[in-house]
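Visitor: The following file, model_11.txt, comprises compact mmCIF, C-alpha atoms and all ligand atoms:
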```txt
# COMPACT_ATOMS: atom_id res chain seq x y z
CA MET A 1 -21.57 13.90 11.66
CA ASN A 2 -17.91 14.74 12.14
CA SER A 3 -14.97 12.42 11.49
CA ARG A 4 -14.60 11.49 15.17
CA GLU A 5 -18.23 10.42 15.35
CA LEU A 6 -17.87 8.50 12.10
CA LEU A 7 -14.84 6.67 13.44
CA GLY A 8 -16.67 5.83 16.67
CA ARG A 9 -19.59 4.50 14.70
CA TYR A 10 -17.23 2.46 12.59
CA PHE A 11 -15.54 0.80 15.54
CA ARG A 12 -18.82 0.05 17.27
CA GLN A 13 -19.92 -1.74 14.12
CA GLN A 14 -16.66 -3.62 13.87
CA ALA A 15 -16.48 -4.58 17.55
CA GLU A 16 -16.76 -8.29 16.87
CA LEU A 17 -14.09 -10.38 15.27
CA ASP A 18 -16.56 -11.87 12.87
CA MET A 19 -16.49 -8.96 10.46
CA PRO A 20 -19.54 -8.35 8.34
CA ASP A 21 -19.24 -8.48 4.59
CA PRO A 22 -18.43 -5.93 3.35
CA PHE A 23 -15.96 -5.16 6.08
CA ILE A 24 -16.85 -1.52 6.17
CA ASP A 25 -20.23 0.13 5.84
CA ARG A 26 -19.95 2.05 2.57
CA SER A 27 -21.75 5.03 4.06
CA LEU A 28 -18.83 5.46 6.44
CA LEU A 29 -16.37 5.54 3.60
CA GLU A 30 -17.89 8.40 1.71
CA PRO A 31 -15.99 11.08 3.63
CA LEU A 32 -12.77 9.31 2.70
CA THR A 33 -13.24 8.69 -0.96
CA TRP A 34 -10.27 9.50 -3.12
CA LYS A 35 -11.88 12.39 -4.84
CA ARG A 36 -12.65 14.15 -1.58
CA VAL A 37 -9.19 13.61 -0.23
CA ALA A 38 -7.66 14.87 -3.45
CA GLU A 39 -9.77 17.98 -3.04
CA ALA A 40 -8.66 18.55 0.53
CA SER A 41 -6.08 21.23 -0.05
CA SER A 42 -5.06 21.59 3.57
CA LEU A 43 -2.71 18.61 3.63
CA SER A 44 0.32 19.39 5.70
CA ARG A 45 3.56 17.96 4.37
CA VAL A 46 6.82 16.85 5.86
CA ARG A 47 10.20 15.96 4.44
CA ASP A 48 11.91 12.68 5.19
CA ALA A 49 15.64 12.22 5.53
CA SER A 50 16.05 12.12 1.75
CA GLY A 51 14.36 15.50 1.43
CA ARG A 52 11.36 13.99 -0.36
CA GLN A 53 8.06 15.58 0.53
CA HIS A 54 5.33 13.46 2.08
CA ALA A 55 2.03 14.03 3.75
CA ALA A 56 2.30 14.65 7.47
CA ALA A 57 1.64 11.70 9.73
CA SER A 58 -1.73 12.95 10.88
CA ALA A 59 -4.63 12.67 8.49
CA PRO A 60 -6.35 15.96 7.71
CA THR A 61 -9.83 16.73 8.91
CA LEU A 62 -11.91 16.14 5.86
CA PRO A 63 -14.89 18.23 4.90
CA ARG A 64 -18.37 16.92 4.21
CA PRO A 65 -18.44 13.91 1.90
CA PRO A 66 -19.40 14.19 -1.73
CA GLU A 67 -21.25 11.51 -3.62
CA PRO A 68 -18.88 8.57 -4.28
CA SER A 69 -17.37 9.03 -7.72
CA ARG A 70 -16.97 5.31 -8.18
CA LYS A 71 -19.70 2.77 -8.01
CA PRO A 72 -18.32 0.16 -5.59
CA MET A 73 -18.13 -3.38 -6.90
CA ASP A 74 -19.44 -6.11 -4.67
CA LEU A 75 -16.83 -8.36 -3.16
CA LYS A 76 -17.69 -11.36 -5.35
CA SER A 77 -17.20 -9.30 -8.48
CA ARG A 78 -13.88 -7.99 -7.21
CA LEU A 79 -12.52 -11.43 -6.51
CA SER A 80 -13.82 -12.91 -9.73
CA SER A 81 -12.12 -10.10 -11.62
CA LEU A 82 -8.72 -11.11 -10.36
CA ARG A 83 -6.44 -12.75 -12.86
CA PRO A 84 -3.06 -14.38 -12.46
CA VAL A 85 -0.35 -12.28 -13.98
CA GLY A 86 0.07 -14.89 -16.70
CA ASP A 87 -3.48 -14.27 -17.89
CA LEU A 88 -3.08 -10.56 -17.37
CA VAL A 89 -0.01 -10.26 -19.47
CA ALA A 90 -1.37 -12.69 -22.03
CA SER A 91 -4.04 -10.10 -22.81
CA SER A 92 -1.48 -7.40 -23.41
CA PRO A 93 -1.03 -6.17 -26.98
CA SER A 94 0.88 -8.63 -29.15
CA THR A 95 2.89 -5.72 -30.45
CA ALA A 96 4.60 -5.36 -27.08
CA GLU A 97 8.30 -4.71 -27.46
CA PRO A 98 10.98 -6.27 -25.30
CA LEU A 99 11.69 -4.61 -22.01
CA ARG A 100 13.84 -1.55 -22.34
CA ARG A 101 14.87 1.22 -20.03
CA GLU A 102 14.18 4.76 -21.14
CA SER A 103 16.68 7.58 -20.77
CA ASP A 104 14.78 8.85 -17.73
CA GLY A 105 15.16 5.46 -16.03
CA THR A 106 11.55 4.29 -16.44
CA VAL A 107 10.83 0.80 -17.70
CA SER A 108 8.58 0.33 -20.71
CA ASN A 109 6.46 -2.70 -21.50
CA LYS A 110 5.87 -3.56 -17.91
CA ARG A 111 3.37 -6.31 -18.63
CA GLU A 112 5.75 -8.04 -21.00
CA ALA A 113 8.57 -7.77 -18.49
CA LEU A 114 6.40 -9.23 -15.72
CA LYS A 115 5.30 -12.00 -18.05
CA GLU A 116 8.89 -12.96 -18.75
CA LEU A 117 9.61 -13.04 -15.04
CA PHE A 118 6.51 -15.12 -14.33
CA VAL A 119 7.15 -17.59 -17.12
CA ALA A 120 10.75 -18.03 -15.99
CA GLY A 121 9.41 -19.26 -12.64
CA CYS A 122 11.65 -20.16 -9.75
CA ALA A 123 12.84 -23.26 -7.92
CA LYS A 124 15.72 -21.74 -6.05
CA CYS A 125 14.70 -22.94 -2.60
CA HIS A 126 13.15 -26.03 -1.07
CA LEU A 127 9.66 -24.47 -1.02
CA ALA A 128 9.42 -25.23 -4.72
CA GLN A 129 9.04 -28.92 -3.81
CA SER A 130 6.16 -28.46 -1.37
CA ARG A 131 4.22 -25.71 -3.13
CA ARG A 132 1.19 -26.34 -5.33
CA LYS A 133 1.38 -23.06 -7.22
CA PHE A 134 3.95 -20.34 -7.75
CA VAL A 135 2.18 -17.23 -6.43
CA PHE A 136 3.85 -14.54 -8.46
CA GLY A 137 1.40 -11.70 -7.85
CA ALA A 138 -1.69 -10.17 -9.41
CA GLY A 139 -3.05 -6.82 -10.39
CA ASN A 140 -2.17 -4.09 -12.81
CA ALA A 141 1.42 -4.00 -14.03
CA GLU A 142 1.03 -0.27 -14.59
CA ALA A 143 -0.39 0.38 -11.12
CA PRO A 144 1.08 3.26 -9.13
CA VAL A 145 0.77 1.33 -5.87
CA MET A 146 2.24 -2.01 -4.82
CA ILE A 147 0.87 -3.98 -1.88
CA ILE A 148 3.35 -6.47 -0.42
CA GLY A 149 2.58 -9.13 2.14
CA GLU A 150 4.55 -11.93 3.70
CA ALA A 151 3.91 -15.25 1.95
CA PRO A 152 1.07 -17.15 0.28
CA GLY A 153 -1.30 -19.07 2.55
CA GLN A 154 -3.10 -22.31 1.78
CA ASP A 155 -5.83 -20.71 -0.32
CA GLU A 156 -3.26 -18.74 -2.29
CA ASP A 157 -1.18 -21.88 -2.78
CA GLN A 158 -4.20 -23.66 -4.26
CA GLN A 159 -5.28 -20.83 -6.55
CA GLY A 160 -1.92 -19.34 -7.49
CA LEU A 161 -3.13 -15.86 -6.55
CA PRO A 162 -2.12 -13.66 -3.64
CA PHE A 163 -4.57 -12.70 -0.90
CA VAL A 164 -7.61 -14.76 -1.88
CA GLY A 165 -8.44 -16.28 1.52
CA ALA A 166 -10.17 -14.60 4.45
CA ALA A 167 -7.31 -12.12 4.87
CA GLY A 168 -7.47 -11.42 1.15
CA LYS A 169 -11.17 -10.61 1.31
CA LEU A 170 -10.44 -8.25 4.14
CA LEU A 171 -7.61 -6.64 2.16
CA THR A 172 -9.97 -6.12 -0.78
CA THR A 173 -12.43 -4.21 1.37
CA MET A 174 -9.65 -2.28 3.12
CA LEU A 175 -8.35 -1.11 -0.26
CA ALA A 176 -11.87 -0.26 -1.38
CA ALA A 177 -12.20 1.81 1.78
CA ILE A 178 -9.48 4.12 0.52
CA GLY A 179 -10.75 4.17 -3.04
CA LEU A 180 -8.42 1.53 -4.55
CA ASP A 181 -9.73 -1.25 -6.78
CA ARG A 182 -7.41 -4.20 -6.26
CA SER A 183 -7.71 -5.46 -9.82
CA GLN A 184 -6.91 -2.12 -11.46
CA ASP A 185 -5.21 0.28 -9.08
CA VAL A 186 -2.60 -1.89 -7.37
CA PHE A 187 -0.27 -4.81 -7.91
CA ILE A 188 -0.30 -7.28 -5.01
CA THR A 189 2.45 -9.73 -4.19
CA ASN A 190 4.39 -11.22 -1.28
CA ILE A 191 7.97 -11.39 -0.09
CA LEU A 192 7.90 -15.16 -0.69
CA LYS A 193 6.23 -16.52 -3.78
CA CYS A 194 5.70 -20.02 -2.40
CA HIS A 195 3.65 -21.23 0.55
CA PRO A 196 5.65 -22.18 3.66
CA PRO A 197 4.22 -25.51 4.93
CA GLY A 198 1.97 -25.20 7.95
CA ASN A 199 1.64 -21.45 7.45
CA ARG A 200 4.82 -20.93 9.44
CA ASN A 201 6.76 -17.69 9.20
CA PRO A 202 9.26 -17.47 6.34
CA GLU A 203 12.80 -18.41 7.30
CA THR A 204 15.60 -15.92 6.82
CA ALA A 205 17.29 -18.09 4.21
CA GLU A 206 14.04 -18.35 2.24
CA ILE A 207 13.59 -14.57 2.31
CA LEU A 208 17.16 -13.96 1.20
CA THR A 209 16.76 -16.43 -1.66
CA CYS A 210 13.39 -15.11 -2.79
CA ILE A 211 13.62 -11.37 -2.33
CA PRO A 212 15.60 -10.63 -5.52
CA LEU A 213 12.43 -11.64 -7.39
CA LEU A 214 10.53 -8.96 -5.49
CA TYR A 215 13.26 -6.41 -6.16
CA ARG A 216 12.86 -7.18 -9.87
CA GLN A 217 9.08 -6.82 -9.69
CA ILE A 218 9.45 -3.42 -8.03
CA ASP A 219 12.01 -2.41 -10.61
CA ILE A 220 9.64 -3.30 -13.44
CA ILE A 221 6.44 -1.88 -11.98
CA ALA A 222 8.19 1.21 -10.56
CA PRO A 223 5.35 2.00 -8.16
CA ARG A 224 5.01 5.50 -6.80
CA ALA A 225 4.09 4.18 -3.35
CA ILE A 226 4.27 0.88 -1.50
CA LEU A 227 2.10 -0.48 1.30
CA LEU A 228 3.69 -3.24 3.36
CA LEU A 229 1.45 -5.65 5.22
CA GLY A 230 2.93 -6.77 8.51
CA ARG A 231 6.23 -6.89 10.31
CA ILE A 232 7.89 -9.60 8.24
CA ALA A 233 7.31 -7.82 4.94
CA ALA A 234 8.61 -4.57 6.45
CA HIS A 235 11.71 -6.17 7.94
CA ALA A 236 12.50 -7.93 4.69
CA LEU A 237 12.09 -5.02 2.30
CA LEU A 238 13.29 -2.17 4.49
CA ASP A 239 16.00 -4.07 6.33
CA MET A 240 14.59 -2.85 9.63
CA THR A 241 14.19 -4.68 12.92
CA GLU A 242 11.77 -2.43 14.77
CA SER A 243 8.38 -3.58 15.99
CA ILE A 244 5.43 -2.82 13.78
CA ALA A 245 4.17 -0.46 16.46
CA LYS A 246 7.26 1.68 15.82
CA MET A 247 7.21 1.37 12.04
CA ARG A 248 3.53 2.17 11.49
CA SER A 249 2.28 5.74 11.10
CA ARG A 250 5.53 6.76 9.41
CA VAL A 251 6.45 7.40 5.82
CA LEU A 252 9.50 5.23 5.23
CA ASN A 253 11.62 4.91 2.15
CA TYR A 254 12.65 2.19 -0.28
CA ASN A 255 14.86 3.40 -3.12
CA ASP A 256 13.16 6.81 -3.01
CA ILE A 257 9.71 5.22 -3.08
CA PRO A 258 7.57 6.24 -0.08
CA VAL A 259 6.53 3.22 1.95
CA MET A 260 4.04 2.75 4.76
CA VAL A 261 3.55 -0.28 6.98
CA ILE A 262 0.24 -1.48 8.40
CA TYR A 263 -0.85 -4.54 10.33
CA HIS A 264 -1.34 -7.62 8.18
CA PRO A 265 -5.03 -8.33 7.47
CA ALA A 266 -4.59 -11.80 9.00
CA ALA A 267 -3.51 -10.11 12.25
CA LEU A 268 -6.67 -8.00 12.14
CA LEU A 269 -8.75 -11.14 11.86
CA ARG A 270 -7.04 -12.56 14.95
CA ASN A 271 -6.77 -9.40 17.07
CA ALA A 272 -9.66 -6.97 17.24
CA GLN A 273 -7.50 -4.37 19.01
CA TYR A 274 -5.46 -3.85 15.84
CA LYS A 275 -8.46 -2.68 13.86
CA ARG A 276 -8.37 0.89 15.10
CA PRO A 277 -4.65 1.50 14.39
CA ALA A 278 -5.03 -0.29 11.06
CA TRP A 279 -7.85 1.99 10.05
CA GLU A 280 -5.88 5.06 11.13
CA ASP A 281 -2.88 3.84 9.13
CA LEU A 282 -5.03 3.25 6.07
CA GLN A 283 -6.29 6.82 6.29
CA GLN A 284 -2.72 8.07 6.49
CA PHE A 285 -1.78 6.01 3.45
CA GLN A 286 -4.77 7.50 1.66
CA THR A 287 -3.54 10.96 2.62
CA LEU A 288 -0.08 10.12 1.30
CA LEU A 289 -1.49 8.95 -2.04
CA ALA A 290 -3.66 12.04 -2.29
CA SER A 291 -0.72 14.32 -1.54
CA MET A 292 1.16 12.69 -4.44
CA ASP A 293 -1.89 13.06 -6.72
CA ILE A 294 -1.90 9.31 -7.25
CA TYR A 295 -5.68 9.14 -7.18
CA GLY A 296 -5.84 11.53 -10.08
CA SER A 297 -3.74 9.15 -12.18
CA LEU A 298 -5.83 6.02 -11.57
CA PRO A 299 -7.70 4.45 -14.47
CA LYS A 300 -11.21 5.86 -14.68
CA LYS A 301 -14.04 3.39 -14.20
S1 LIG B 401 9.99 -19.25 -2.30
FE1 LIG B 401 10.94 -17.83 -3.74
S2 LIG B 401 13.06 -18.59 -3.95
FE2 LIG B 401 11.85 -20.27 -3.07
S3 LIG B 401 11.20 -21.47 -4.87
FE3 LIG B 401 9.54 -20.03 -4.36
S4 LIG B 401 9.92 -18.28 -5.69
FE4 LIG B 401 11.83 -19.46 -5.63
```
Let me see whether you can do it: turn the structure in this file into structure tokens.
Guide:
Amino acid sequence: MNSRELLGRYFRQQAELDMPDPFIDRSLLEPLTWKRVAEASSLSRVRDASGRQHAAASAPTLPRPPEPSRKPMDLKSRLSSLRPVGDLVASSPSTAEPLRRESDGTVSNKREALKELFVAGCAKCHLAQSRRKFVFGAGNAEAPVMIIGEAPGQDEDQQGLPFVGAAGKLLTTMLAAIGLDRSQDVFITNILKCHPPGNRNPETAEILTCIPLLYRQIDIIAPRAILLLGRIAAHALLDMTESIAKMRSRVLNYNDIPVMVIYHPAALLRNAQYKRPAWEDLQQFQTLLASMDIYGSLPKK
């Protein structure tokens, strides 16, 4: 079965809004596992305005799938494995030294630095009064990939973790579809760290007040690639005003870090027509990561 047939089969299965769990039939993911993509040597590459090389916008045609090199975790296990960054950094070695910047510009002791930032907290805007929990972020401080959404929802506000509601479950399976384990391979956070009442969009003043915290997180984690979820996250981080339709399918740039934008998982839950472009964008992001050999640097299971 070729990739076109696989994609057609995928979309027929996903035709209804009520997505099955897991979101994607694992058998359809095998051709796209990280190992296979890393092996695909025919990736075409382009240069952006900064001269940095990236994978071309179109995903390569991938050869026959190998056996998955990772045993997929079930969704319940994935979610139960999530830990707030406070717990995560608490388990870091007690010998951790204070944050310092190396001569090559990299930051050492990332967990400790994130812990300091988390413990410091924030009450710089009025959302601190209405929030239940400060949703700092979760994942691996050493991860090569950061996933950035818009703002915590109600579920996230209750649990203090990003992306744990329905959209979060979908995000987990989307990441698994491109061979990323959300508890080990990525660090997930939002532009805003506090829940806007009524799930309204973040206000400009709130974003301007909160985004320095995100800048600091990026500075500490120093990801090699960033995936932005939705228009608001893209506008805030990239200082762009284009529609998501114009921003998606492109390799953008934030401080020399390649960035891609995809539809927010919550939008996919509301609009079935976004599923196809979202899946195509995920494949392109997978191609980008493979072209940078990021999969080869992930922690082995
Ligand atoms: S939304 Fe951001 S700036 Fe406002 S209180 Fe929360 S962390 Fe601080």
Visitor: Any residue with an atom at most 6 Å from ligand LIG 401 (chain B) counts, using only C-alpha atoms and all ligand atoms. Which are they? Put them as a compact mmCIF listing (two decimals) with C-alpha atoms, keeping the file's coordinate frame.
Guide:
```txt
# COMPACT_ATOMS: atom_id res chain seq x y z
CA CYS A 122 11.65 -20.16 -9.75
CA ALA A 123 12.84 -23.26 -7.92
CA LYS A 124 15.72 -21.74 -6.05
CA CYS A 125 14.70 -22.94 -2.60
CA LEU A 127 9.66 -24.47 -1.02
CA ALA A 128 9.42 -25.23 -4.72
CA LEU A 192 7.90 -15.16 -0.69
CA LYS A 193 6.23 -16.52 -3.78
CA CYS A 194 5.70 -20.02 -2.40
CA THR A 209 16.76 -16.43 -1.66
CA CYS A 210 13.39 -15.11 -2.79
```
Visitor: Take atom CA of A:Leu170 and atom CA of A:Glu156 and report the distance between them in Å, one decimal.
Guide: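 Distance between the two atoms: 14.2 Å.
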Visitor: Counting all atoms listed in the file, which residues of stretch 242-300 of chain A fall within 7 Å of stretch 216-233 of chain A, and what is the closest atom pair for each with its distance in Å at one decimal, ordered by chain and rising number, as a tab-separated table?
Guide:
```
residue	atom	partner	partner_atom	distance
A:Ser243	CA	A:Arg231	CA	6.9
A:Ile244	CA	A:Arg231	CA	5.4
A:Ile257	CA	A:Ala225	CA	5.7
A:Pro258	CA	A:Ala225	CA	5.2
A:Val259	CA	A:Ile226	CA	4.7
A:Met260	CA	A:Leu227	CA	5.1
A:Val261	CA	A:Leu228	CA	4.7
A:Ile262	CA	A:Leu229	CA	5.4
A:Tyr263	CA	A:Gly230	CA	4.8
A:His264	CA	A:Gly230	CA	4.4
```
Visitor: Would you compute the distance between atom CA of A:Arg132 and atom CA of A:Ser183? Give it in Å to one decimal.
Guide: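 Atom CA of A:Ser183 lies 23.1 Å from atom CA of A:Arg132.
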Visitor: Find the residues near A:Ser297: any atom within 10 Å, counting all atoms listed in the file, skip ones fewer than 6 places away on the same chain, and give them as a ChimeraX atom specification.
Guide: /A:143-144,185
Visitor: The selected residues should be written to file as an mmCIF file, in the coordinates of the input (atoms: C-alpha atoms).
Guide:
```
data_model
loop_
_atom_site.group_PDB
_atom_site.id
_atom_site.type_symbol
_atom_site.label_atom_id
_atom_site.label_comp_id
_atom_site.auth_asym_id
_atom_site.auth_seq_id
_atom_site.Cartn_x
_atom_site.Cartn_y
_atom_site.Cartn_z
ATOM 1 C CA ALA A 143 -0.390 0.380 -11.120
ATOM 2 C CA PRO A 144 1.080 3.260 -9.130
ATOM 3 C CA ASP A 185 -5.210 0.280 -9.080
#
```
Visitor: Using all atoms listed in the file, can you tell me which of A:Glu116, A:Glu206, A:Glu150, A:Glu280 comes closest to A:Pro265?
Guide: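 Of all the options, A:Glu150 lies closest to A:Pro265.
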Visitor: Which of these residues is nearest to A:Gly153, using only C-alpha atoms: A:Pro299, A:Pro277, A:Gly198, A:Pro212?
Guide: A:Gly198
Visitor: Taking into account all atoms listed in the file, which residue in the set A:Ala234, A:Gly160, A:Arg111, A:Ile211 is nearest to A:Ile147?
Guide: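 Among the listed residues, A:Ala234 lies closest to A:Ile147.
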Visitor: Please indicate the distance in Å from atom CA of A:Pro196 to atom CA of A:Tyr274, rounded to one decimal place.
Guide: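 Atom CA of A:Tyr274 lies at a distance of 24.7 Å from atom CA of A:Pro196.
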Visitor: Determine, counting all atoms listed in the file, which protein, DNA and RNA residues have an atom within 9 Å of an atom of A:Ala266; residues of the same chain fewer than 4 positions away are not included. Present the result as a list in words.
Guide: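 Listing them by chain and then by number gives Ala166, Ala167, Gly168, Leu170, Arg270 and Asn271 of chain A.
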Visitor: So, with only C-alpha atoms as the atoms that count, which of A:Lys110, A:Arg131, A:Lys300, A:Arg276 lies closest to A:His195?
Guide: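 Residue with the minimum atom-to-atom distance to A:His195: A:Arg131.
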